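Here is upload_37.txt, consisting of compact mmCIF, C-alpha atoms and all ligand atoms:
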```
# COMPACT_ATOMS: atom_id res chain seq x y z
CA MET A 1 0.00 0.00 0.00
CA ALA A 2 1.35 3.41 -0.87
CA TYR A 3 0.38 6.98 -1.54
CA ARG A 4 1.91 9.08 -4.27
CA SER A 5 1.18 12.72 -4.86
CA GLY A 6 0.87 13.80 -8.47
CA LYS A 7 0.30 17.24 -9.91
CA GLY A 8 -2.55 17.98 -12.24
CA ASP A 9 -6.23 17.36 -12.39
CA GLY A 10 -6.57 13.72 -11.58
CA ARG A 11 -6.83 12.37 -15.09
CA PHE A 12 -4.94 9.26 -16.06
CA ASP A 13 -1.71 10.86 -17.29
CA ASP A 14 -0.59 11.58 -13.75
CA LEU A 15 -1.56 8.13 -12.56
CA LYS A 16 0.33 6.54 -15.42
CA SER A 17 3.46 8.62 -14.96
CA ALA A 18 3.49 8.11 -11.17
CA SER A 19 3.03 4.37 -11.69
CA ALA A 20 5.80 4.28 -14.29
CA GLN A 21 8.15 6.08 -11.90
CA ILE A 22 7.85 3.29 -9.38
CA GLU A 23 7.89 0.69 -12.16
CA ILE A 24 4.46 -0.81 -11.60
CA GLY A 25 2.67 0.73 -14.58
CA HIS A 26 2.21 -2.59 -16.32
CA ARG A 27 0.39 -3.99 -13.26
CA VAL A 28 -1.90 -1.10 -12.32
CA ALA A 29 -5.68 -1.25 -12.75
CA TYR A 30 -7.74 1.91 -12.40
CA ALA A 31 -11.19 3.25 -13.20
CA ARG A 32 -12.91 6.35 -14.47
CA GLN A 33 -14.17 7.56 -11.10
CA VAL A 34 -17.64 9.07 -11.11
CA HIS A 35 -18.72 9.16 -7.42
CA SER A 36 -20.93 6.11 -7.93
CA ARG A 37 -21.56 2.96 -5.94
CA THR A 38 -20.26 0.80 -8.79
CA VAL A 39 -17.69 -1.83 -7.85
CA ILE A 40 -15.71 -3.48 -10.65
CA VAL A 41 -14.08 -6.91 -10.51
CA VAL A 42 -10.71 -6.62 -12.24
CA ASP A 43 -8.34 -9.31 -13.41
CA SER A 44 -5.88 -7.33 -15.49
CA ALA A 45 -4.07 -3.99 -15.63
CA GLY A 46 -5.36 -0.91 -17.39
CA LEU A 47 -8.60 1.03 -17.44
CA ALA A 48 -11.27 -1.18 -15.89
CA GLY A 49 -14.26 0.97 -16.79
CA GLU A 50 -16.40 3.43 -14.90
CA GLY A 51 -16.81 2.99 -11.17
CA ASP A 52 -15.48 3.82 -7.74
CA GLY A 53 -14.51 0.49 -6.28
CA LEU A 54 -12.02 -2.02 -7.67
CA ILE A 55 -11.72 -5.57 -6.37
CA THR A 56 -9.48 -8.43 -7.44
CA ASP A 57 -8.02 -11.74 -6.37
CA ASN A 58 -5.25 -11.65 -8.97
CA PRO A 59 -1.96 -11.18 -7.09
CA GLU A 60 -0.35 -9.62 -10.18
CA VAL A 61 -2.81 -6.71 -10.30
CA ILE A 62 -2.15 -3.53 -8.33
CA LEU A 63 -5.31 -1.51 -7.72
CA ALA A 64 -5.17 2.28 -7.93
CA ILE A 65 -7.56 5.11 -7.19
CA GLN A 66 -7.14 8.88 -7.07
CA VAL A 67 -8.53 11.03 -4.29
CA ALA A 68 -8.20 14.64 -3.16
CA ASP A 69 -10.48 14.78 -0.09
CA CYS A 70 -12.61 11.67 -0.52
CA VAL A 71 -11.89 8.64 1.66
CA PRO A 72 -9.71 5.90 0.14
CA ILE A 73 -10.67 2.54 1.68
CA PHE A 74 -8.11 -0.25 1.43
CA VAL A 75 -9.43 -3.78 2.00
CA ALA A 76 -7.46 -7.02 2.08
CA GLU A 77 -7.93 -10.59 3.20
CA GLN A 78 -5.58 -11.64 5.99
CA ASP A 79 -3.92 -14.22 3.75
CA GLY A 80 -3.44 -11.73 0.93
CA GLY A 81 -6.07 -13.24 -1.40
CA ALA A 82 -8.86 -10.84 -2.30
CA ARG A 83 -8.23 -7.10 -2.23
CA GLY A 84 -10.38 -4.03 -2.74
CA LEU A 85 -9.80 -0.32 -3.08
CA ILE A 86 -12.74 2.05 -2.77
CA HIS A 87 -13.18 5.76 -3.46
CA ALA A 88 -15.77 7.21 -1.07
CA GLY A 89 -16.60 10.89 -1.23
CA TRP A 90 -19.90 12.16 0.07
CA LYS A 91 -21.84 10.80 -2.89
CA GLY A 92 -20.27 7.37 -2.68
CA SER A 93 -20.64 7.37 1.09
CA ALA A 94 -24.30 8.36 0.85
CA ALA A 95 -24.75 5.51 -1.64
CA SER A 96 -22.94 3.00 0.64
CA ILE A 97 -20.15 2.13 -1.74
CA ALA A 98 -18.07 0.78 1.17
CA GLY A 99 -20.77 -1.75 1.99
CA GLU A 100 -21.18 -2.56 -1.69
CA GLY A 101 -17.44 -3.14 -1.97
CA ILE A 102 -17.39 -5.65 0.90
CA GLU A 103 -20.50 -7.42 -0.35
CA SER A 104 -18.97 -7.68 -3.83
CA MET A 105 -15.76 -9.15 -2.41
CA VAL A 106 -17.84 -11.76 -0.60
CA SER A 107 -20.19 -12.60 -3.47
CA GLN A 108 -17.77 -12.27 -6.40
CA LEU A 109 -14.47 -13.36 -4.89
CA GLY A 110 -15.56 -15.60 -2.03
CA ALA A 111 -13.97 -13.38 0.61
CA ASP A 112 -14.78 -13.90 4.28
CA ALA A 113 -16.01 -10.55 5.60
CA PRO A 114 -15.04 -11.07 9.29
CA SER A 115 -11.44 -11.72 8.31
CA LEU A 116 -11.06 -8.69 6.04
CA ARG A 117 -8.74 -5.93 7.18
CA CYS A 118 -9.57 -2.36 6.24
CA LEU A 119 -7.76 0.95 6.34
CA LEU A 120 -9.56 4.24 5.89
CA GLY A 121 -6.88 6.52 4.49
CA PRO A 122 -6.39 10.27 4.80
CA SER A 123 -9.36 12.36 3.69
CA ILE A 124 -10.98 15.61 4.56
CA GLN A 125 -12.03 15.38 8.22
CA SER A 126 -14.83 17.05 10.09
CA CYS A 127 -12.48 19.91 11.11
CA CYS A 128 -12.63 21.15 7.50
CA TYR A 129 -15.57 19.42 5.83
CA GLU A 130 -18.39 21.91 6.03
CA ILE A 131 -21.48 21.09 4.01
CA GLY A 132 -24.92 22.53 3.38
CA GLU A 133 -28.32 21.08 4.12
CA ASP A 134 -28.57 19.53 0.64
CA VAL A 135 -25.73 17.14 1.47
CA ALA A 136 -26.46 16.84 5.19
CA GLU A 137 -29.95 15.48 4.57
CA LYS A 138 -28.40 12.41 2.95
CA PHE A 139 -26.65 11.40 6.17
CA GLN A 140 -27.82 10.27 9.59
CA SER A 141 -27.48 12.95 12.24
CA ARG A 142 -24.80 11.05 14.14
CA TYR A 143 -22.29 11.85 11.38
CA LEU A 144 -23.12 15.57 11.43
CA THR A 145 -22.23 18.46 13.68
CA GLU A 146 -24.25 21.63 13.34
CA CYS A 147 -22.18 24.74 12.92
CA GLY A 148 -24.90 27.36 12.48
CA GLY A 149 -26.64 28.94 9.51
CA ASN A 150 -27.92 25.59 8.25
CA ARG A 151 -24.32 24.44 7.85
CA TYR A 152 -22.87 21.21 9.21
CA THR A 153 -19.62 19.34 9.33
CA LEU A 154 -19.62 15.76 8.09
CA ASP A 155 -17.56 12.87 9.45
CA LEU A 156 -16.98 10.69 6.40
CA HIS A 157 -14.72 8.25 8.24
CA SER A 158 -17.44 7.37 10.75
CA ALA A 159 -20.08 6.95 8.06
CA ASN A 160 -17.83 4.53 6.17
CA LEU A 161 -16.75 2.72 9.33
CA ASP A 162 -20.38 1.88 10.09
CA GLN A 163 -20.96 0.66 6.53
CA LEU A 164 -17.98 -1.69 6.75
CA ILE A 165 -19.22 -3.09 10.06
CA ASP A 166 -22.76 -3.47 8.74
CA ALA A 167 -21.29 -5.46 5.84
CA GLY A 168 -19.65 -7.89 8.25
CA VAL A 169 -16.14 -6.49 8.83
CA LYS A 170 -14.99 -6.65 12.44
CA GLY A 171 -14.33 -3.30 14.11
CA GLU A 172 -11.00 -4.54 15.46
CA ASN A 173 -9.85 -5.16 11.87
CA ILE A 174 -10.48 -1.57 10.76
CA SER A 175 -7.83 1.11 11.17
CA PHE A 176 -7.63 4.77 10.29
CA ASP A 177 -5.21 7.36 9.03
CA ARG A 178 -6.95 10.43 10.38
CA ARG A 179 -4.75 13.05 8.79
CA CYS A 180 -6.97 15.74 7.28
CA THR A 181 -6.10 16.32 3.62
CA SER A 182 -7.03 19.99 3.97
CA CYS A 183 -5.35 21.12 7.19
CA SER A 184 -2.85 18.56 8.44
CA GLY A 185 0.09 20.07 6.58
CA SER A 186 0.96 16.56 5.45
CA GLY A 187 1.58 17.47 1.81
CA LEU A 188 -1.57 15.66 0.73
CA HIS A 189 -3.73 17.19 -1.97
CA SER A 190 -7.09 18.73 -1.08
CA PHE A 191 -9.80 19.87 -3.46
CA ARG A 192 -11.46 21.94 -0.73
CA ARG A 193 -8.21 23.75 -0.01
CA ASP A 194 -6.81 24.15 -3.52
CA GLY A 195 -9.89 24.07 -5.76
CA GLU A 196 -9.55 23.25 -9.44
CA LYS A 197 -5.76 23.38 -9.29
CA ALA A 198 -5.62 20.61 -6.67
CA GLY A 199 -3.57 17.53 -7.48
CA ARG A 200 -4.64 14.04 -6.51
CA ASN A 201 -3.38 11.56 -3.96
CA ILE A 202 -2.85 8.31 -5.81
CA CYS A 203 -3.54 5.24 -3.69
CA TYR A 204 -2.21 1.82 -4.58
CA LEU A 205 -3.05 -1.58 -3.17
CA GLY A 206 -0.96 -4.50 -4.27
ZN ZN B 301 -8.95 19.70 8.67
```
Using structure tokens, write down the structure that the file contains.
Amino acid sequence: MAYRSGKGDGRFDDLKSASAQIEIGHRVAYARQVHSRTVIVVDSAGLAGEGDGLITDNPEVILAIQVADCVPIFVAEQDGGARGLIHAGWKGSAASIAGEGIESMVSQLGADAPSLRCLLGPSIQSCCYEIGEDVAEKFQSRYLTECGGNRYTLDLHSANLDQLIDAGVKGENISFDRRCTSCSGSGLHSFRRDGEKAGRNICYLG
């Protein structure tokens, strides 16, 4: 598992050049990310189609997604068999893509949910993730903190944690990197902070 930071707008050129730099380009599978709840089973490198979750049990394939505030969710079986990498922004989180990803690993790859290990990677955290009522109404109140003027902050990590547990993952097998992409000073890219000129954090799982 690794993060790479690439300049640019998150299209595939940066992903390809970053992957080539660390000499894994020929093994990397990626998707056209559209903030959906679509999970794709992949068995080879290259563009896998349109979706926001990639799962595989092919040890040769390295999964890759690009994020700039959304939560990257890394999933792996203890014995290194099935793996999944999920892109969960507010739309994907509202649509339960994390749960869909786990259920797909179970139904498509025969994974055992209680033995899956998950890592929720750096994303925008509630310190910086202010949203309006239009987004807030899609989430249960326990993930929201009111901050006045019909504005709220949203805790994406907690929303995704609960989806993973509801899908059968054990809480003790889930860990977090709680660095905030916007304010932690970690060098990670943030769309909220940098707007259209933001780069993307490229996440790999191999
Ligand atoms: Zn923050």
Per residue of stretch 77-196 of chain A within 6 Å of stretch 49-68 of chain A, record the nearest atom pair and its distance in Å to one decimal, counting all atoms listed in the file, with rows in chain order and ascending residue number, as CSV.
```
residue,atom,partner,partner_atom,distance
A:Gly81,CA,A:Asp57,CA,5.5
A:Ala82,CA,A:Asp57,CA,4.3
A:Arg83,CA,A:Thr56,CA,5.5
A:Gly84,CA,A:Ile55,CA,4.2
A:Leu85,CA,A:Leu54,CA,5.4
A:Ile86,CA,A:Gly53,CA,4.2
A:His87,CA,A:Asp52,CA,5.2
A:His189,CA,A:Ala68,CA,5.3
A:Ser190,CA,A:Ala68,CA,4.7
A:Phe191,CA,A:Ala68,CA,5.5
```
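The gap separating atom CA of A:Ala95 from atom CA of A:Ser107 is 18.8 Å, in Å to one decimal.
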Could you pull out the residues sitting within 6 Å of ligand ZN 301 (chain B), using all atoms listed in the file, and write them as a PyMOL selection string? chain A and resi 125+127-128+180+182-183
When you draw a straight line from atom CA of A:Val39 to atom CA of A:Arg192, how long is it in Å? 25.6 Å
Hey, what's within 10 Å of stretch 132-146 of chain A if we count only C-alpha atoms and toss same-chain stuff fewer than 6 positions away? As a PyMOL selection string, please? chain A and resi 90-91+93-95+126+152-159
Between atom CA of A:Val42 and atom CA of A:Ala29, what is the spacing in Å? 7.4 Å
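Residues surrounding A:Gln78 within 12 Å are A:Ala82, A:Arg83, A:Ala111, A:Asp112, A:Ala113, A:Pro114, A:Ser115, A:Leu116, A:Arg117, A:Cys118, A:Asn173 [all atoms listed in the file; sequence separation below 4 positions excluded].
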